[in-house]
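K.L.:
As input, take start.cif (mmCIF, C-alpha atoms and all ligand atoms):
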data_target
loop_
_atom_site.label_atom_id
_atom_site.label_comp_id
_atom_site.auth_asym_id
_atom_site.auth_seq_id
_atom_site.Cartn_x
_atom_site.Cartn_y
_atom_site.Cartn_z
CA MET A 2 106.28 38.54 217.88
CA GLY A 3 106.18 37.18 221.40
CA PHE A 4 102.50 36.43 221.41
CA ASP A 5 102.87 32.67 221.72
CA ARG A 6 104.85 32.84 224.93
CA GLU A 7 102.66 31.46 227.68
CA ARG A 8 103.47 34.08 230.32
CA GLY A 9 104.91 36.86 228.24
CA ALA A 10 104.15 40.48 229.06
CA THR A 11 103.08 40.92 225.48
CA LEU A 12 101.07 44.07 226.09
CA SER A 13 103.59 45.87 228.27
CA PHE A 14 105.72 47.65 225.69
CA PRO A 15 105.21 50.33 224.65
CA GLN A 16 103.96 50.97 228.16
CA VAL A 17 100.49 52.44 228.52
CA ASP A 18 99.86 53.70 232.05
CA ARG A 19 96.41 53.20 233.43
CA GLN A 20 94.76 56.41 234.59
CA ARG A 21 94.10 56.38 238.34
CA ASP A 22 90.32 55.79 238.09
CA GLU A 23 90.21 54.15 234.68
CA ALA A 24 88.01 51.13 233.90
CA LEU A 25 89.78 47.94 232.81
CA SER A 26 88.04 47.84 229.42
CA SER A 27 89.07 51.43 228.76
CA TRP A 28 92.70 50.77 229.62
CA LEU A 29 92.80 47.65 227.40
CA ALA A 30 91.24 49.58 224.53
CA ARG A 31 93.93 52.25 224.84
CA ILE A 32 96.64 49.57 224.99
CA ALA A 33 95.24 48.06 221.80
CA ARG A 34 95.35 51.43 220.14
CA VAL A 35 98.94 52.24 221.13
CA HIS A 36 100.06 48.73 220.15
CA LEU A 37 98.26 49.01 216.81
CA LEU A 38 96.27 45.86 217.60
CA ASP A 39 92.58 45.36 217.11
CA LEU A 40 90.47 44.51 220.13
CA GLU A 41 90.08 40.87 219.02
CA HIS A 42 93.82 40.42 219.26
CA VAL A 43 93.94 41.85 222.78
CA GLU A 44 91.01 39.59 223.67
CA ALA A 45 92.93 36.54 222.47
CA GLU A 46 95.86 37.65 224.62
CA ILE A 47 93.87 38.07 227.84
CA GLY A 48 91.40 35.24 227.24
CA CYS A 49 88.29 37.39 227.65
CA ARG A 50 86.13 39.72 225.56
CA VAL A 51 86.99 43.33 226.34
CA CYS A 52 83.29 44.14 226.63
CA LEU A 53 83.02 41.61 229.47
CA VAL A 54 86.09 42.43 231.57
CA ASP A 55 84.44 45.15 233.65
CA HIS A 56 81.85 42.72 235.00
CA ASP A 57 83.41 40.35 237.48
CA PRO A 58 85.86 38.69 235.05
CA GLY A 59 87.19 36.12 237.54
CA GLU A 60 90.65 35.46 238.95
CA ALA A 61 92.01 33.58 235.93
CA VAL A 62 91.36 36.53 233.62
CA ILE A 63 92.69 39.02 236.17
CA ARG A 64 95.94 37.02 236.42
CA ARG A 65 96.22 36.78 232.66
CA VAL A 66 95.70 40.53 232.21
CA ALA A 67 98.36 41.14 234.87
CA GLN A 68 100.82 38.83 233.10
CA ARG A 69 100.24 40.30 229.70
CA THR A 70 100.38 43.93 230.79
CA GLY A 71 103.24 43.48 233.24
CA VAL A 72 101.41 44.80 236.31
CA THR A 73 100.33 43.04 239.51
CA PRO A 74 96.89 41.37 239.89
CA GLU A 75 96.14 43.96 242.61
CA GLU A 76 96.65 46.75 240.11
CA VAL A 77 94.25 45.03 237.70
CA ARG A 78 91.65 44.66 240.46
CA GLU A 79 91.84 48.40 241.15
CA ALA A 80 90.44 48.94 237.65
CA LEU A 81 87.31 46.95 238.51
CA HIS A 82 84.27 48.30 240.28
CA PRO A 83 84.15 46.52 243.67
CA LEU A 84 80.40 45.97 243.37
CA ALA A 85 79.89 45.28 239.68
CA THR A 86 78.35 41.87 240.15
CA LEU A 87 75.30 41.83 237.87
CA SER A 88 75.67 39.81 234.73
CA PRO A 89 77.03 41.80 231.82
CA PRO A 90 74.79 42.80 228.93
CA LEU A 91 74.37 40.00 226.44
CA ASN A 92 74.52 42.02 223.26
CA GLY A 93 78.26 41.43 223.19
CA GLU A 94 79.60 44.90 222.63
CA LEU A 95 81.21 47.60 224.72
CA ASP A 96 78.35 49.44 226.35
CA TRP A 97 80.21 52.42 227.70
CA GLY A 98 78.26 55.40 228.89
CA VAL A 99 80.32 58.56 229.15
CA CYS A 100 80.13 61.94 230.85
CA PRO A 101 80.90 64.45 228.10
CA GLN A 102 82.16 66.98 230.65
CA CYS A 103 84.67 64.52 232.11
CA LEU A 104 85.95 63.69 228.63
CA GLU A 105 86.24 67.38 227.86
CA ALA A 106 88.26 67.81 231.06
CA ASP A 107 90.54 64.96 229.91
CA ARG A 108 91.06 66.72 226.64
CA GLU A 109 91.81 70.06 228.29
CA ALA A 110 94.26 68.39 230.67
CA GLY A 111 96.08 67.05 227.63
CA GLY A 112 95.71 63.42 228.78
CA PRO A 113 93.93 60.53 227.09
CA LEU A 114 90.14 60.33 227.07
CA TYR A 115 89.12 57.37 229.22
CA ILE A 116 86.18 55.55 230.85
CA ARG A 117 85.97 55.79 234.66
CA THR A 118 85.63 52.61 236.71
CA ASP A 119 82.70 54.24 238.52
CA TRP A 120 80.73 54.34 235.29
CA THR A 121 80.85 50.59 234.79
CA HIS A 122 78.39 49.65 237.52
CA PRO A 123 74.97 48.77 236.07
CA LEU A 124 73.16 51.08 238.49
CA VAL A 125 75.34 54.07 237.75
CA THR A 126 73.71 56.22 235.11
CA VAL A 127 75.08 59.62 236.14
CA CYS A 128 78.53 61.11 236.68
CA LEU A 129 78.78 62.09 240.33
CA SER A 130 81.37 64.79 239.62
CA HIS A 131 79.04 66.66 237.30
CA SER A 132 75.61 65.29 238.25
CA ALA A 133 75.17 64.67 234.54
CA PRO A 134 73.69 61.64 232.79
CA LEU A 135 76.08 59.17 231.20
CA VAL A 136 75.42 59.02 227.49
CA VAL A 137 76.53 56.90 224.57
CA PRO A 138 79.81 58.31 223.17
CA THR A 139 79.63 60.36 219.99
CA ALA A 140 81.46 59.10 216.91
CA ASP A 141 84.36 61.46 217.69
CA GLN A 142 84.58 60.41 221.31
CA TRP A 143 84.39 56.76 220.30
CA ARG A 144 87.27 57.22 217.89
CA GLU A 145 89.39 58.87 220.56
CA LEU A 146 88.55 56.23 223.16
CA THR A 147 89.18 53.20 220.97
CA GLY A 148 90.98 54.43 217.87
CA ASP A 149 88.25 52.60 216.01
CA THR A 150 86.07 54.31 213.45
CA VAL A 151 83.42 51.60 213.50
CA ARG A 152 81.07 52.33 216.34
CA PRO A 153 78.55 49.77 217.56
CA SER A 154 75.13 50.85 216.40
CA ARG A 155 73.29 52.08 219.40
CA GLN A 156 69.84 53.37 219.92
CA ASP A 157 70.33 56.57 221.85
CA LEU A 158 67.11 58.41 221.20
CA LEU A 159 65.88 58.11 224.74
CA LEU A 160 69.05 59.44 226.27
CA ALA A 161 68.70 62.66 224.38
CA GLN A 162 65.79 63.50 226.65
CA VAL A 163 67.51 62.68 229.90
CA ASP A 164 68.51 66.29 230.45
CA CYS A 165 64.93 67.02 231.37
CA GLU A 166 64.74 64.24 233.94
CA PRO A 167 64.91 64.77 237.67
CA LEU A 168 68.22 63.13 238.49
CA ASP A 169 67.92 62.83 242.26
CA ALA A 170 67.14 59.13 242.31
CA LEU A 171 69.91 58.40 239.85
CA ILE A 172 72.45 60.40 241.80
CA ARG A 173 71.36 58.62 244.94
CA ALA A 174 71.87 55.25 243.28
CA ALA A 175 75.32 56.21 242.07
CA GLN A 176 76.22 57.34 245.58
CA LEU A 177 74.88 54.12 247.03
CA VAL A 178 76.96 51.83 244.88
CA ALA A 179 79.98 54.07 245.42
CA GLY A 180 79.84 52.87 249.05
CA GLN A 181 79.26 49.37 250.33
CA THR A 182 75.98 49.54 252.21
CA VAL A 183 73.03 51.78 252.94
CA GLU A 184 71.09 51.76 256.19
CA GLY A 185 72.27 48.27 256.98
CA VAL A 186 71.28 46.87 253.57
CA SER A 187 73.98 45.45 251.33
CA ALA A 188 74.51 46.87 247.88
CA ARG A 189 73.96 43.42 246.42
CA GLN A 190 70.55 43.33 248.05
CA LEU A 191 69.69 46.72 246.57
CA GLU A 192 70.80 45.57 243.14
CA GLN A 193 68.49 42.60 243.43
CA GLU A 194 65.58 44.83 244.39
CA ILE A 195 66.23 47.15 241.47
CA ALA A 196 66.46 44.12 239.18
CA ASP A 197 63.14 42.75 240.50
CA LEU A 198 61.40 46.10 240.05
CA THR A 199 62.83 46.37 236.54
CA ASP A 200 61.45 42.94 235.74
CA ALA A 201 58.02 44.05 236.97
CA LEU A 202 58.17 47.18 234.81
CA GLY A 203 58.73 45.07 231.71
CA VAL A 204 55.56 42.99 232.11
CA GLN A 205 52.49 43.56 229.95
CA MET A 206 50.16 45.53 232.21
CA THR A 207 46.69 44.31 233.08
CA ARG A 208 44.39 44.95 230.15
CA SER A 209 41.97 47.16 232.01
CA MET A 210 44.78 49.69 232.39
CA GLY A 211 46.05 49.68 228.85
CA GLN A 212 48.52 48.21 226.40
CA GLY A 213 52.27 47.92 226.77
CA GLY A 214 54.85 47.29 229.45
CA LEU A 215 54.07 48.47 232.94
CA LEU A 216 56.71 51.14 232.55
CA THR A 217 54.33 52.83 230.12
CA LEU A 218 52.21 53.86 233.11
CA PHE A 219 55.08 56.04 234.30
CA GLU A 220 56.42 57.18 230.97
CA GLN A 221 53.20 57.95 229.13
CA PRO A 222 51.90 60.78 231.33
CA ARG A 223 55.26 62.46 231.69
CA ARG A 224 56.90 61.99 228.34
CA GLY A 225 54.29 60.48 226.10
CA ARG A 226 56.34 57.31 225.63
CA HIS A 227 54.83 53.92 225.02
CA ILE A 228 57.09 51.09 226.22
CA ARG A 229 56.73 47.69 224.60
CA ALA A 230 56.10 44.83 227.01
CA SER A 231 58.88 42.27 227.22
CA SER A 232 56.66 39.40 228.37
CA LEU A 233 53.41 38.26 229.96
CA ASP A 234 55.26 36.55 232.81
CA LEU A 235 57.70 38.21 235.18
CA PRO A 236 61.03 38.12 233.32
CA ASP A 237 64.26 37.13 235.05
CA GLN A 238 67.00 39.79 235.04
CA LEU A 239 65.52 41.84 232.22
CA LEU A 240 68.21 44.42 233.01
CA THR A 241 70.91 42.24 231.50
CA LEU A 242 69.08 41.99 228.18
CA LEU A 243 68.60 45.71 227.66
CA GLY A 244 70.81 48.06 225.70
CA PRO A 245 72.25 51.07 227.52
CA ALA A 246 69.49 53.49 226.57
CA ASP A 247 66.67 51.18 227.61
CA ARG A 248 68.55 50.13 230.70
CA LEU A 249 68.79 53.73 231.79
CA LEU A 250 65.10 54.18 231.20
CA PHE A 251 64.16 51.13 233.24
CA VAL A 252 66.72 51.65 235.99
CA ARG A 253 65.63 55.22 236.42
CA ALA A 254 62.02 54.18 236.89
CA ALA A 255 62.96 51.29 239.19
CA LEU A 256 65.00 53.66 241.32
CA ALA A 257 62.13 56.09 241.55
CA LEU A 258 60.03 53.17 242.77
CA ARG A 259 62.67 52.01 245.22
CA TRP A 260 63.36 55.45 246.67
CA PRO A 261 60.55 57.88 245.99
CA SER A 262 63.00 60.75 246.36
CA ASP A 263 62.78 64.53 246.54
CA GLY A 264 62.96 64.63 242.79
CA TYR A 265 60.13 62.19 242.59
CA ALA A 266 58.06 64.32 244.96
CA GLN A 267 58.28 67.17 242.46
CA GLU A 268 56.56 64.92 240.00
CA ARG A 269 53.78 63.97 242.33
CA ALA A 270 51.44 66.54 240.90
CA VAL A 271 51.77 65.04 237.45
CA LEU A 272 51.78 61.43 238.52
CA GLY A 273 49.08 61.94 241.14
CA ASP A 274 46.76 63.33 238.54
CA TRP A 275 47.54 60.48 236.20
CA PHE A 276 46.95 58.04 238.99
CA SER A 277 43.51 59.42 239.78
CA ARG A 278 42.59 59.04 236.15
CA VAL A 279 43.79 55.44 236.11
CA VAL A 280 41.92 54.70 239.32
CA HIS A 281 38.83 56.35 237.93
CA MET A 282 39.01 54.16 234.89
CA ALA A 283 39.84 50.87 236.59
CA VAL A 284 38.39 50.90 240.09
CA PRO A 285 34.70 50.64 240.96
CA SER A 286 33.55 53.98 242.40
CA ALA A 287 32.57 52.55 245.77
CA ARG A 288 36.13 51.44 246.29
CA ARG A 289 37.95 54.54 245.16
CA ARG A 290 37.74 56.23 248.54
CA VAL A 291 39.73 53.41 250.17
CA ILE A 292 42.68 54.07 247.98
CA GLY A 293 42.83 57.77 248.65
CA ASP A 294 46.14 59.54 248.91
CA GLN A 295 48.11 56.52 250.01
CA ALA A 296 47.97 55.38 246.45
CA LEU A 297 50.53 58.04 245.64
CA ASP A 298 53.23 55.55 246.51
CA PRO A 299 54.12 54.54 242.94
CA LEU A 300 54.56 50.94 244.11
CA VAL A 301 50.78 50.77 244.49
CA LEU A 302 50.44 51.53 240.83
CA VAL A 303 52.73 48.58 240.08
CA ALA A 304 50.74 46.24 242.31
CA MET A 305 47.50 47.34 240.66
CA ALA A 306 48.78 47.10 237.12
CA LEU A 307 50.37 43.63 237.32
CA PRO A 308 48.13 40.85 235.96
CA PRO A 309 47.53 37.97 238.42
CA ARG A 310 50.26 35.60 237.24
CA PRO A 311 53.23 38.02 237.26
CA PHE A 312 51.78 39.56 240.42
CA HIS A 313 52.18 36.26 242.23
CA GLN A 314 55.56 35.68 240.64
CA LEU A 315 56.71 39.02 242.05
CA ARG A 316 55.18 38.21 245.40
CA ARG A 317 57.49 35.24 245.73
CA ARG A 318 60.50 37.53 245.35
CA VAL A 319 59.19 40.21 247.70
CA THR A 320 60.03 38.05 250.71
CA THR A 321 63.73 38.66 250.05
CA TRP A 322 63.35 42.45 249.86
CA SER A 323 64.60 44.71 252.64
CA LYS A 324 62.21 45.67 255.39
CA ASP A 325 61.10 49.12 254.25
CA LEU A 326 60.41 48.02 250.69
CA HIS A 327 58.70 44.87 251.87
CA GLN A 328 56.38 46.92 254.09
CA ARG A 329 55.54 49.30 251.28
CA TRP A 330 54.74 46.31 249.08
CA MET A 331 52.39 44.86 251.70
CA VAL A 332 50.46 48.13 251.74
CA ALA A 333 50.42 48.18 247.95
CA GLU A 334 49.16 44.63 247.88
CA GLN A 335 46.33 45.40 250.30
CA LEU A 336 45.28 48.47 248.39
CA SER A 337 45.24 46.66 245.11
CA ALA A 338 43.14 43.90 246.72
CA LEU A 339 40.74 46.52 248.03
CA ALA A 340 40.58 48.11 244.65
CA GLY A 341 39.30 44.78 243.37
CA LEU A 342 41.95 44.45 240.74
CA MET A 343 43.46 41.14 241.79
ZN ZN B 1 81.61 64.04 234.69
#
As a first step, turn the structure in this file into structure tokens.

P.N.:
Amino acid sequence: MGFDRERGATLSFPQVDRQRDEALSSWLARIARVHLLDLEHVEAEIGCRVCLVDHDPGEAVIRRVAQRTGVTPEEVREALHPLATLSPPLNGELDWGVCPQCLEADREAGGPLYIRTDWTHPLVTVCLSHSAPLVVPTADQWRELTGDTVRPSRQDLLLAQVDCEPLDALIRAAQLVAGQTVEGVSARQLEQEIADLTDALGVQMTRSMGQGGLLTLFEQPRRGRHIRASSLDLPDQLLTLLGPADRLLFVRAALALRWPSDGYAQERAVLGDWFSRVVHMAVPSARRRVIGDQALDPLVLVAMALPPRPFHQLRRRVTTWSKDLHQRWMVAEQLSALAGLM
């Protein structure tokens, strides 16, 4: 075979056309299938793991993919999300999330099932066409997408409950990264803010409030979930260490913190009640009045629940946040100081 030729278009025949909005990893997986190659072989050809190509693979890999598949580098770039800059997950496997309705539409149209480029951005957890959560592919879908019967073992228990979630914040996030900027703030900046908030949600909460990661404060009252803490200090880019299901859980909460949206407002009754109970438990009675209704900004709950060390670690990052979030944090910080929790 021609696989040892330095610049050979070894993956170009039989020709597998990329679908217009198909992710690079998805296209390569379909090429592998048609060429009766396993993914490792395709990876050796392109010089990159297929599970990593959707996340800023670099010019050398883009050129190599173009050479091997017989298309132009521009065509390869079209398969990449223009904003997918966060580091890829480290668990080293394809972490596709899929919209079952889109795949069903593929099937009905008689074309191949494929992963959309839009779905590869770390902040995208819903399909904008159907306003439906992206979920881990079923065994059947996986087989059709990759031709492989061995599916990476994934924990998908949490995703099963996503149907009941208010999706507004998630849809908003997907819309945001579909464009370049929002209200003068760059998408990269927003990503960083979401990553910082995610890090905060993974910290062991202050002991007077309970056990577990800070995210527990938001998940326990609504869904009865206890979330294990990832560390005592503020982690760095926790998002990149999480599997798809956990990432969705954390990103969803971070988004609700970043943009307390209409969907979040519907939950105020529940969360507000929970918050009063927490305040009642943790704040001296003479100080409760100060907190009042303002405390309904969920960011206040974060400020109050962070132990001193991670609190100050987060504070150092807050200076890089955009203006509106920074201002909300300052209020949260004052309230938590008044509450006597720092
Ligand atoms: Zn869809």

K.L.:
Collect all residues with atoms no farther than 12 Å from ligand ZN 1 (chain B), counting all atoms listed in the file, and output them as a ChimeraX atom specification.

P.N.:
/A:98-107,115-117,119-120,126-136

K.L.:
Rounded to one decimal in Å, what is the spacing between atom CA of Gly211 of chain A and atom CA of His227 of chain A?

P.N.:
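We find that atom CA of Gly211 of chain A and atom CA of His227 of chain A lie 10.5 Å from each other.
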
K.L.:
Quick one: residues within 7 Å of Leu202 of chain A, all atoms listed in the file, excluding same-chain residues fewer than 2 positions away - as an MDAnalysis selection string?

P.N.:
chainID A and resid 198:200 204 214:216

K.L.:
For a test of reading the model, state the distance in Å between atom CA of Pro308 of chain A and atom CA of Met206 of chain A, rounded to one decimal.

P.N.:
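Atom CA of Pro308 of chain A sits 6.3 Å away from atom CA of Met206 of chain A.
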
K.L.:
Can you measure atom CA of Leu315 of chain A to atom CA of Glu192 of chain A for me? One decimal in Å is fine.

P.N.:
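Between atom CA of Leu315 of chain A and atom CA of Glu192 of chain A the gap works out to 15.6 Å.
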
K.L.:
Using all atoms listed in the file, determine which residues lie at most 12 Å from Thr320 of chain A, disregarding the query and same-chain residues fewer than 6 positions distant; provide the list as an MDAnalysis selection string.

P.N.:
chainID A and resid 194 197 313:314 326:328 330:331

K.L.:
When you count only C-alpha atoms, which of these residues is closest to Leu84 of chain A: A:Val43, A:Ala67, A:Ala175, A:Ala61?

P.N.:
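When distances to Leu84 of chain A are compared using only C-alpha atoms, the smallest one comes from A:Ala175.
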
K.L.:
Which of these, A:Ala24, A:Leu12, A:Val72, A:Ala230, has the shortest distance to Ile47 of chain A once you count all atoms listed in the file?

P.N.:
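Closest to Ile47 of chain A of all the choices is A:Leu12.
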